[in-house]
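Contents: one structure, followed by commentary.
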Amino acid sequence: MSHEDDRRPDAATETFVAHRRLLFTIAYEMLGSAVDAEDVLQETWLRWVGVDPDVVRDRRAYLVRITTRQALGRLRTLARRKESYVGPWLPEPLLTAPDVAEDVELADSMSMAMMLVLETLAPTERAVFVLREVFDLGYDEIAEAVDKSRAAVRQIAHRARAHVAARRPRGEVSAAESRAALGAFRRAVETGDLQGLLDLLAPDVVALSDGGGIKQAMPRPVVGAEKVARALAAGVAVFGPVSTVESTQINGHPALVTRIDGEIDMVVAVRIDDGLVTGLYTVRNPEKLTRMERETAVSR
């Protein structure tokens, strides 16, 4: 046997690497945290290497099952962490490649707005919804992953779909619309144009600012166009005079990133319904900005 043969990864490693992006994406959509998704992948790998891949009939399904079960356990731990979190909790933003936006269903499921809707589901509902609606897994496969009967999974999927449908963004918004809204929003904030902000914001707009108790942020959600506009015009945790602002792609959607002295200070994402901004999401917690310097590979 040559040295080249010695360096070739074994079947278990090859299989895991081949499905790694899919497994990460499943874990991230279930958790809203890239750090925890990576931990889930590590736990999945440790369990996978103890298995003989040659006796596994469907390796992808087997890996998805391990990842889902690990993520479900992690979701319950995360719920306890969120109870003591300082201020509003927002998902960890990911810098994504332009091609993510081209997969409309994947980008839609990863948007900050949709991730917040997924937060309102119970753990098993979230797992079933993600596996069925985003990754198009069959009911039998999902039943094995969440340890429920096929009939129970169908019921959970129906309930989760109805729950999400009532809360998800209304209608599709093009990337061009999002970029235009973000550009107008940026100009209005930078110039302190209160009327310009009011023209962009829906009457029931909700602004959430996640500083995690580390950076200054709005301590609770701000609701209503006038309140949000006044908070932004007053410069509450948005753009300072020493910051630079650039456009980027976050979770498959246009967003803004501000830097101070070259260091990322915050990420700003929006939800748009009927041409108006209905959700404004600002992440400042530095522990959640570690995925902003290089693209994170995601896939279905």
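Labels for the structure tokens follow display order: chains A, B, ..., residues from 1 in each chain, ligands from 1.
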
Quiz item: Could you pull the residues within 8 Å of Gln70 (chain A), counting only C-alpha atoms, minus those fewer than 5 positions along the same chain, as number ranges by chain?
Solution: A: 40, 43-44

Could those residues be written to a file, using all heavy atoms, as a PDB file, in the first residue's frame?
```pdb
ATOM      1  N   VAL A  40     -23.022  20.588  18.283  1.00  0.00           N
ATOM      2  CA  VAL A  40     -23.873  19.458  17.889  1.00  0.00           C
ATOM      3  C   VAL A  40     -23.159  18.608  16.842  1.00  0.00           C
ATOM      4  O   VAL A  40     -23.192  17.369  16.895  1.00  0.00           O
ATOM      5  CB  VAL A  40     -25.238  19.959  17.367  1.00  0.00           C
ATOM      6  CG1 VAL A  40     -25.965  18.871  16.566  1.00  0.00           C
ATOM      7  CG2 VAL A  40     -26.115  20.416  18.527  1.00  0.00           C
ATOM      8  N   GLU A  43     -20.600  16.461  18.525  1.00  0.00           N
ATOM      9  CA  GLU A  43     -21.238  15.327  19.202  1.00  0.00           C
ATOM     10  C   GLU A  43     -21.705  14.280  18.181  1.00  0.00           C
ATOM     11  O   GLU A  43     -21.608  13.072  18.422  1.00  0.00           O
ATOM     12  CB  GLU A  43     -22.411  15.828  20.044  1.00  0.00           C
ATOM     13  CG  GLU A  43     -21.972  16.649  21.254  1.00  0.00           C
ATOM     14  CD  GLU A  43     -23.074  17.562  21.795  1.00  0.00           C
ATOM     15  OE1 GLU A  43     -24.200  17.524  21.251  1.00  0.00           O
ATOM     16  OE2 GLU A  43     -22.797  18.309  22.754  1.00  0.00           O
ATOM     17  N   THR A  44     -22.208  14.759  17.042  1.00  0.00           N
ATOM     18  CA  THR A  44     -22.642  13.848  15.977  1.00  0.00           C
ATOM     19  C   THR A  44     -21.461  13.028  15.465  1.00  0.00           C
ATOM     20  O   THR A  44     -21.554  11.806  15.283  1.00  0.00           O
ATOM     21  CB  THR A  44     -23.279  14.639  14.813  1.00  0.00           C
ATOM     22  OG1 THR A  44     -24.415  15.367  15.309  1.00  0.00           O
ATOM     23  CG2 THR A  44     -23.718  13.714  13.688  1.00  0.00           C
TER      24      THR A  44
END
```

Residues of region 21-114 of chain A in helix (DSSP H, G or I) according to DSSP, as a PDB file with N, CA and C atoms, in the first residue's frame?
```
ATOM      1  N   ARG A  21     -22.193  20.186   5.636  1.00  0.00           N
ATOM      2  CA  ARG A  21     -22.919  21.448   5.440  1.00  0.00           C
ATOM      3  C   ARG A  21     -24.410  21.276   5.720  1.00  0.00           C
ATOM      4  N   LEU A  22     -24.965  20.162   5.240  1.00  0.00           N
ATOM      5  CA  LEU A  22     -26.379  19.869   5.506  1.00  0.00           C
ATOM      6  C   LEU A  22     -26.623  19.746   7.005  1.00  0.00           C
ATOM      7  N   LEU A  23     -25.784  18.988   7.701  1.00  0.00           N
ATOM      8  CA  LEU A  23     -25.968  18.761   9.142  1.00  0.00           C
ATOM      9  C   LEU A  23     -25.831  20.061   9.918  1.00  0.00           C
ATOM     10  N   PHE A  24     -24.864  20.898   9.542  1.00  0.00           N
ATOM     11  CA  PHE A  24     -24.705  22.194  10.204  1.00  0.00           C
ATOM     12  C   PHE A  24     -25.964  23.038  10.004  1.00  0.00           C
ATOM     13  N   THR A  25     -26.476  23.056   8.776  1.00  0.00           N
ATOM     14  CA  THR A  25     -27.645  23.886   8.475  1.00  0.00           C
ATOM     15  C   THR A  25     -28.860  23.428   9.269  1.00  0.00           C
ATOM     16  N   ILE A  26     -29.063  22.115   9.366  1.00  0.00           N
ATOM     17  CA  ILE A  26     -30.170  21.590  10.178  1.00  0.00           C
ATOM     18  C   ILE A  26     -30.019  22.037  11.631  1.00  0.00           C
ATOM     19  N   ALA A  27     -28.820  21.851  12.190  1.00  0.00           N
ATOM     20  CA  ALA A  27     -28.586  22.213  13.595  1.00  0.00           C
ATOM     21  C   ALA A  27     -28.758  23.712  13.804  1.00  0.00           C
ATOM     22  N   TYR A  28     -28.257  24.520  12.871  1.00  0.00           N
ATOM     23  CA  TYR A  28     -28.377  25.975  13.005  1.00  0.00           C
ATOM     24  C   TYR A  28     -29.847  26.411  12.951  1.00  0.00           C
ATOM     25  N   GLU A  29     -30.614  25.848  12.012  1.00  0.00           N
ATOM     26  CA  GLU A  29     -32.023  26.243  11.898  1.00  0.00           C
ATOM     27  C   GLU A  29     -32.824  25.798  13.113  1.00  0.00           C
ATOM     28  N   MET A  30     -32.392  24.733  13.765  1.00  0.00           N
ATOM     29  CA  MET A  30     -33.077  24.299  14.983  1.00  0.00           C
ATOM     30  C   MET A  30     -32.679  25.131  16.192  1.00  0.00           C
ATOM     31  N   LEU A  31     -31.456  25.706  16.175  1.00  0.00           N
ATOM     32  CA  LEU A  31     -30.916  26.351  17.369  1.00  0.00           C
ATOM     33  C   LEU A  31     -30.768  27.870  17.265  1.00  0.00           C
ATOM     34  N   ALA A  34     -24.793  29.383  15.750  1.00  0.00           N
ATOM     35  CA  ALA A  34     -23.751  28.656  15.031  1.00  0.00           C
ATOM     36  C   ALA A  34     -22.801  27.959  15.992  1.00  0.00           C
ATOM     37  N   VAL A  35     -22.532  28.601  17.127  1.00  0.00           N
ATOM     38  CA  VAL A  35     -21.637  28.007  18.130  1.00  0.00           C
ATOM     39  C   VAL A  35     -22.217  26.682  18.621  1.00  0.00           C
ATOM     40  N   ASP A  36     -23.504  26.685  18.946  1.00  0.00           N
ATOM     41  CA  ASP A  36     -24.141  25.456  19.427  1.00  0.00           C
ATOM     42  C   ASP A  36     -24.292  24.437  18.301  1.00  0.00           C
ATOM     43  N   ALA A  37     -24.514  24.919  17.074  1.00  0.00           N
ATOM     44  CA  ALA A  37     -24.614  24.006  15.934  1.00  0.00           C
ATOM     45  C   ALA A  37     -23.283  23.271  15.726  1.00  0.00           C
ATOM     46  N   GLU A  38     -22.176  23.973  15.891  1.00  0.00           N
ATOM     47  CA  GLU A  38     -20.858  23.340  15.770  1.00  0.00           C
ATOM     48  C   GLU A  38     -20.653  22.297  16.872  1.00  0.00           C
ATOM     49  N   ASP A  39     -21.118  22.615  18.085  1.00  0.00           N
ATOM     50  CA  ASP A  39     -21.025  21.644  19.182  1.00  0.00           C
ATOM     51  C   ASP A  39     -21.838  20.391  18.862  1.00  0.00           C
ATOM     52  N   VAL A  40     -23.022  20.588  18.283  1.00  0.00           N
ATOM     53  CA  VAL A  40     -23.873  19.458  17.889  1.00  0.00           C
ATOM     54  C   VAL A  40     -23.159  18.608  16.842  1.00  0.00           C
ATOM     55  N   LEU A  41     -22.496  19.259  15.889  1.00  0.00           N
ATOM     56  CA  LEU A  41     -21.764  18.514  14.870  1.00  0.00           C
ATOM     57  C   LEU A  41     -20.630  17.699  15.479  1.00  0.00           C
ATOM     58  N   GLN A  42     -19.963  18.270  16.469  1.00  0.00           N
ATOM     59  CA  GLN A  42     -18.887  17.542  17.147  1.00  0.00           C
ATOM     60  C   GLN A  42     -19.446  16.297  17.846  1.00  0.00           C
ATOM     61  N   GLU A  43     -20.600  16.461  18.525  1.00  0.00           N
ATOM     62  CA  GLU A  43     -21.238  15.327  19.202  1.00  0.00           C
ATOM     63  C   GLU A  43     -21.705  14.280  18.181  1.00  0.00           C
ATOM     64  N   THR A  44     -22.208  14.759  17.042  1.00  0.00           N
ATOM     65  CA  THR A  44     -22.642  13.848  15.977  1.00  0.00           C
ATOM     66  C   THR A  44     -21.461  13.028  15.465  1.00  0.00           C
ATOM     67  N   TRP A  45     -20.347  13.710  15.245  1.00  0.00           N
ATOM     68  CA  TRP A  45     -19.137  13.032  14.760  1.00  0.00           C
ATOM     69  C   TRP A  45     -18.676  11.956  15.752  1.00  0.00           C
ATOM     70  N   LEU A  46     -18.666  12.300  17.044  1.00  0.00           N
ATOM     71  CA  LEU A  46     -18.200  11.349  18.059  1.00  0.00           C
ATOM     72  C   LEU A  46     -19.068  10.090  18.087  1.00  0.00           C
ATOM     73  N   ARG A  47     -20.379  10.267  17.842  1.00  0.00           N
ATOM     74  CA  ARG A  47     -21.274   9.104  17.812  1.00  0.00           C
ATOM     75  C   ARG A  47     -21.109   8.333  16.498  1.00  0.00           C
ATOM     76  N   TRP A  48     -20.894   9.078  15.413  1.00  0.00           N
ATOM     77  CA  TRP A  48     -20.777   8.459  14.090  1.00  0.00           C
ATOM     78  C   TRP A  48     -19.531   7.585  13.987  1.00  0.00           C
ATOM     79  N   PRO A  53     -19.921   2.198   9.208  1.00  0.00           N
ATOM     80  CA  PRO A  53     -20.777   2.754   8.147  1.00  0.00           C
ATOM     81  C   PRO A  53     -21.278   1.704   7.163  1.00  0.00           C
ATOM     82  N   ASP A  54     -20.564   0.582   7.059  1.00  0.00           N
ATOM     83  CA  ASP A  54     -20.978  -0.445   6.103  1.00  0.00           C
ATOM     84  C   ASP A  54     -22.272  -1.146   6.506  1.00  0.00           C
ATOM     85  N   VAL A  55     -22.637  -1.060   7.795  1.00  0.00           N
ATOM     86  CA  VAL A  55     -23.882  -1.707   8.226  1.00  0.00           C
ATOM     87  C   VAL A  55     -25.053  -0.715   8.265  1.00  0.00           C
ATOM     88  N   ARG A  59     -26.837   6.307   5.119  1.00  0.00           N
ATOM     89  CA  ARG A  59     -25.914   7.063   5.973  1.00  0.00           C
ATOM     90  C   ARG A  59     -26.394   8.492   6.219  1.00  0.00           C
ATOM     91  N   ARG A  60     -26.916   9.115   5.180  1.00  0.00           N
ATOM     92  CA  ARG A  60     -27.420  10.489   5.339  1.00  0.00           C
ATOM     93  C   ARG A  60     -28.529  10.535   6.382  1.00  0.00           C
ATOM     94  N   ALA A  61     -29.489   9.629   6.279  1.00  0.00           N
ATOM     95  CA  ALA A  61     -30.604   9.601   7.228  1.00  0.00           C
ATOM     96  C   ALA A  61     -30.100   9.335   8.644  1.00  0.00           C
ATOM     97  N   TYR A  62     -29.108   8.470   8.755  1.00  0.00           N
ATOM     98  CA  TYR A  62     -28.554   8.133  10.068  1.00  0.00           C
ATOM     99  C   TYR A  62     -27.901   9.366  10.700  1.00  0.00           C
ATOM    100  N   LEU A  63     -27.109  10.094   9.914  1.00  0.00           N
ATOM    101  CA  LEU A  63     -26.450  11.299  10.414  1.00  0.00           C
ATOM    102  C   LEU A  63     -27.465  12.394  10.770  1.00  0.00           C
ATOM    103  N   VAL A  64     -28.495  12.537   9.940  1.00  0.00           N
ATOM    104  CA  VAL A  64     -29.548  13.522  10.229  1.00  0.00           C
ATOM    105  C   VAL A  64     -30.238  13.179  11.544  1.00  0.00           C
ATOM    106  N   ARG A  65     -30.456  11.893  11.770  1.00  0.00           N
ATOM    107  CA  ARG A  65     -31.111  11.453  13.008  1.00  0.00           C
ATOM    108  C   ARG A  65     -30.250  11.810  14.230  1.00  0.00           C
ATOM    109  N   ILE A  66     -28.950  11.510  14.161  1.00  0.00           N
ATOM    110  CA  ILE A  66     -28.070  11.839  15.299  1.00  0.00           C
ATOM    111  C   ILE A  66     -28.066  13.350  15.539  1.00  0.00           C
ATOM    112  N   THR A  67     -27.907  14.117  14.460  1.00  0.00           N
ATOM    113  CA  THR A  67     -27.839  15.582  14.572  1.00  0.00           C
ATOM    114  C   THR A  67     -29.124  16.142  15.168  1.00  0.00           C
ATOM    115  N   THR A  68     -30.266  15.649  14.695  1.00  0.00           N
ATOM    116  CA  THR A  68     -31.556  16.141  15.196  1.00  0.00           C
ATOM    117  C   THR A  68     -31.704  15.861  16.683  1.00  0.00           C
ATOM    118  N   ARG A  69     -31.360  14.659  17.097  1.00  0.00           N
ATOM    119  CA  ARG A  69     -31.501  14.308  18.522  1.00  0.00           C
ATOM    120  C   ARG A  69     -30.562  15.131  19.397  1.00  0.00           C
ATOM    121  N   GLN A  70     -29.335  15.342  18.910  1.00  0.00           N
ATOM    122  CA  GLN A  70     -28.396  16.183  19.662  1.00  0.00           C
ATOM    123  C   GLN A  70     -28.904  17.620  19.743  1.00  0.00           C
ATOM    124  N   ALA A  71     -29.449  18.122  18.632  1.00  0.00           N
ATOM    125  CA  ALA A  71     -29.956  19.499  18.601  1.00  0.00           C
ATOM    126  C   ALA A  71     -31.165  19.659  19.518  1.00  0.00           C
ATOM    127  N   LEU A  72     -32.023  18.649  19.571  1.00  0.00           N
ATOM    128  CA  LEU A  72     -33.183  18.717  20.473  1.00  0.00           C
ATOM    129  C   LEU A  72     -32.731  18.830  21.926  1.00  0.00           C
ATOM    130  N   GLY A  73     -31.736  18.047  22.303  1.00  0.00           N
ATOM    131  CA  GLY A  73     -31.203  18.141  23.659  1.00  0.00           C
ATOM    132  C   GLY A  73     -30.603  19.508  23.923  1.00  0.00           C
ATOM    133  N   ARG A  74     -29.899  20.026  22.925  1.00  0.00           N
ATOM    134  CA  ARG A  74     -29.268  21.346  23.053  1.00  0.00           C
ATOM    135  C   ARG A  74     -30.310  22.462  23.123  1.00  0.00           C
ATOM    136  N   LEU A  75     -31.441  22.298  22.416  1.00  0.00           N
ATOM    137  CA  LEU A  75     -32.511  23.309  22.436  1.00  0.00           C
ATOM    138  C   LEU A  75     -33.020  23.537  23.851  1.00  0.00           C
ATOM    139  N   ARG A  76     -33.156  22.464  24.597  1.00  0.00           N
ATOM    140  CA  ARG A  76     -33.671  22.590  25.971  1.00  0.00           C
ATOM    141  C   ARG A  76     -32.657  23.318  26.860  1.00  0.00           C
ATOM    142  N   THR A  77     -31.369  23.061  26.629  1.00  0.00           N
ATOM    143  CA  THR A  77     -30.321  23.771  27.368  1.00  0.00           C
ATOM    144  C   THR A  77     -30.333  25.251  27.004  1.00  0.00           C
ATOM    145  N   LEU A  78     -30.484  25.529  25.705  1.00  0.00           N
ATOM    146  CA  LEU A  78     -30.525  26.913  25.237  1.00  0.00           C
ATOM    147  C   LEU A  78     -31.693  27.675  25.850  1.00  0.00           C
ATOM    148  N   ALA A  79     -32.838  27.010  25.976  1.00  0.00           N
ATOM    149  CA  ALA A  79     -34.022  27.656  26.547  1.00  0.00           C
ATOM    150  C   ALA A  79     -33.720  28.165  27.960  1.00  0.00           C
ATOM    151  N   ARG A  80     -32.983  27.372  28.726  1.00  0.00           N
ATOM    152  CA  ARG A  80     -32.612  27.802  30.085  1.00  0.00           C
ATOM    153  C   ARG A  80     -31.646  28.981  30.037  1.00  0.00           C
ATOM    154  N   ARG A  81     -30.709  28.961  29.081  1.00  0.00           N
ATOM    155  CA  ARG A  81     -29.759  30.081  28.941  1.00  0.00           C
ATOM    156  C   ARG A  81     -30.480  31.371  28.575  1.00  0.00           C
ATOM    157  N   LYS A  82     -31.489  31.264  27.717  1.00  0.00           N
ATOM    158  CA  LYS A  82     -32.212  32.465  27.276  1.00  0.00           C
ATOM    159  C   LYS A  82     -32.991  33.113  28.422  1.00  0.00           C
ATOM    160  N   GLU A  83     -33.404  32.297  29.390  1.00  0.00           N
ATOM    161  CA  GLU A  83     -34.146  32.844  30.534  1.00  0.00           C
ATOM    162  C   GLU A  83     -33.318  33.864  31.311  1.00  0.00           C
ATOM    163  N   PRO A  98     -23.291  34.495  -1.917  1.00  0.00           N
ATOM    164  CA  PRO A  98     -24.395  34.982  -2.757  1.00  0.00           C
ATOM    165  C   PRO A  98     -25.326  33.871  -3.245  1.00  0.00           C
ATOM    166  N   ASP A  99     -24.787  32.640  -3.464  1.00  0.00           N
ATOM    167  CA  ASP A  99     -25.637  31.575  -4.010  1.00  0.00           C
ATOM    168  C   ASP A  99     -26.701  31.101  -3.024  1.00  0.00           C
ATOM    169  N   VAL A 100     -26.536  31.405  -1.727  1.00  0.00           N
ATOM    170  CA  VAL A 100     -27.566  31.025  -0.744  1.00  0.00           C
ATOM    171  C   VAL A 100     -28.873  31.750  -1.061  1.00  0.00           C
ATOM    172  N   ALA A 101     -28.767  33.010  -1.472  1.00  0.00           N
ATOM    173  CA  ALA A 101     -29.960  33.799  -1.798  1.00  0.00           C
ATOM    174  C   ALA A 101     -30.713  33.211  -2.989  1.00  0.00           C
ATOM    175  N   GLU A 102     -29.985  32.486  -3.872  1.00  0.00           N
ATOM    176  CA  GLU A 102     -30.618  31.910  -5.056  1.00  0.00           C
ATOM    177  C   GLU A 102     -31.523  30.724  -4.716  1.00  0.00           C
ATOM    178  N   VAL A 104     -34.274  30.103  -2.835  1.00  0.00           N
ATOM    179  CA  VAL A 104     -35.252  30.975  -2.168  1.00  0.00           C
ATOM    180  C   VAL A 104     -35.791  30.339  -0.886  1.00  0.00           C
ATOM    181  N   GLU A 105     -36.092  29.045  -0.939  1.00  0.00           N
ATOM    182  CA  GLU A 105     -36.660  28.387   0.244  1.00  0.00           C
ATOM    183  C   GLU A 105     -35.661  28.338   1.394  1.00  0.00           C
ATOM    184  N   LEU A 106     -34.400  28.044   1.083  1.00  0.00           N
ATOM    185  CA  LEU A 106     -33.381  28.008   2.131  1.00  0.00           C
ATOM    186  C   LEU A 106     -33.174  29.404   2.712  1.00  0.00           C
ATOM    187  N   ALA A 107     -33.033  30.407   1.841  1.00  0.00           N
ATOM    188  CA  ALA A 107     -32.831  31.782   2.309  1.00  0.00           C
ATOM    189  C   ALA A 107     -34.011  32.241   3.157  1.00  0.00           C
ATOM    190  N   ASP A 108     -35.229  31.910   2.721  1.00  0.00           N
ATOM    191  CA  ASP A 108     -36.426  32.297   3.478  1.00  0.00           C
ATOM    192  C   ASP A 108     -36.407  31.682   4.873  1.00  0.00           C
ATOM    193  N   SER A 109     -36.027  30.414   4.941  1.00  0.00           N
ATOM    194  CA  SER A 109     -36.043  29.727   6.239  1.00  0.00           C
ATOM    195  C   SER A 109     -34.951  30.229   7.177  1.00  0.00           C
ATOM    196  N   MET A 110     -33.892  30.851   6.606  1.00  0.00           N
ATOM    197  CA  MET A 110     -32.774  31.314   7.415  1.00  0.00           C
ATOM    198  C   MET A 110     -32.833  32.797   7.754  1.00  0.00           C
ATOM    199  N   MET A 112     -33.545  36.337   9.422  1.00  0.00           N
ATOM    200  CA  MET A 112     -33.660  36.656  10.852  1.00  0.00           C
ATOM    201  C   MET A 112     -35.128  36.633  11.287  1.00  0.00           C
ATOM    202  N   ALA A 113     -35.999  37.152  10.408  1.00  0.00           N
ATOM    203  CA  ALA A 113     -37.424  37.181  10.742  1.00  0.00           C
ATOM    204  C   ALA A 113     -37.976  35.770  10.925  1.00  0.00           C
ATOM    205  N   MET A 114     -37.630  34.867   9.988  1.00  0.00           N
ATOM    206  CA  MET A 114     -38.139  33.497  10.065  1.00  0.00           C
ATOM    207  C   MET A 114     -37.527  32.752  11.245  1.00  0.00           C
TER     208      MET A 114
END
```

Quiz item: Which residues, written as a VMD selection string, have at least one atom at most 9 Å from Ser178 (chain A), with only C-alpha atoms counted and residues fewer than 5 positions away on the same chain left out?
Solution: chain A and resid 173 183 253 to 255 270 to 272

Quiz prompt | Near-Pro93 (chain A) list (12 Å; only C-alpha atoms; drop same-chain fewer than 6 positions) as a ChimeraX atom specification | solution = /A:28-29,32-35,110-113,115-116,210,248-257,266-269,281-296

Quiz item: From the list A:Glu125, A:Glu141, A:Asp265, A:Asp52, which residue is nearest Ala162 (chain A) when using only C-alpha atoms?
Solution: A:Glu125
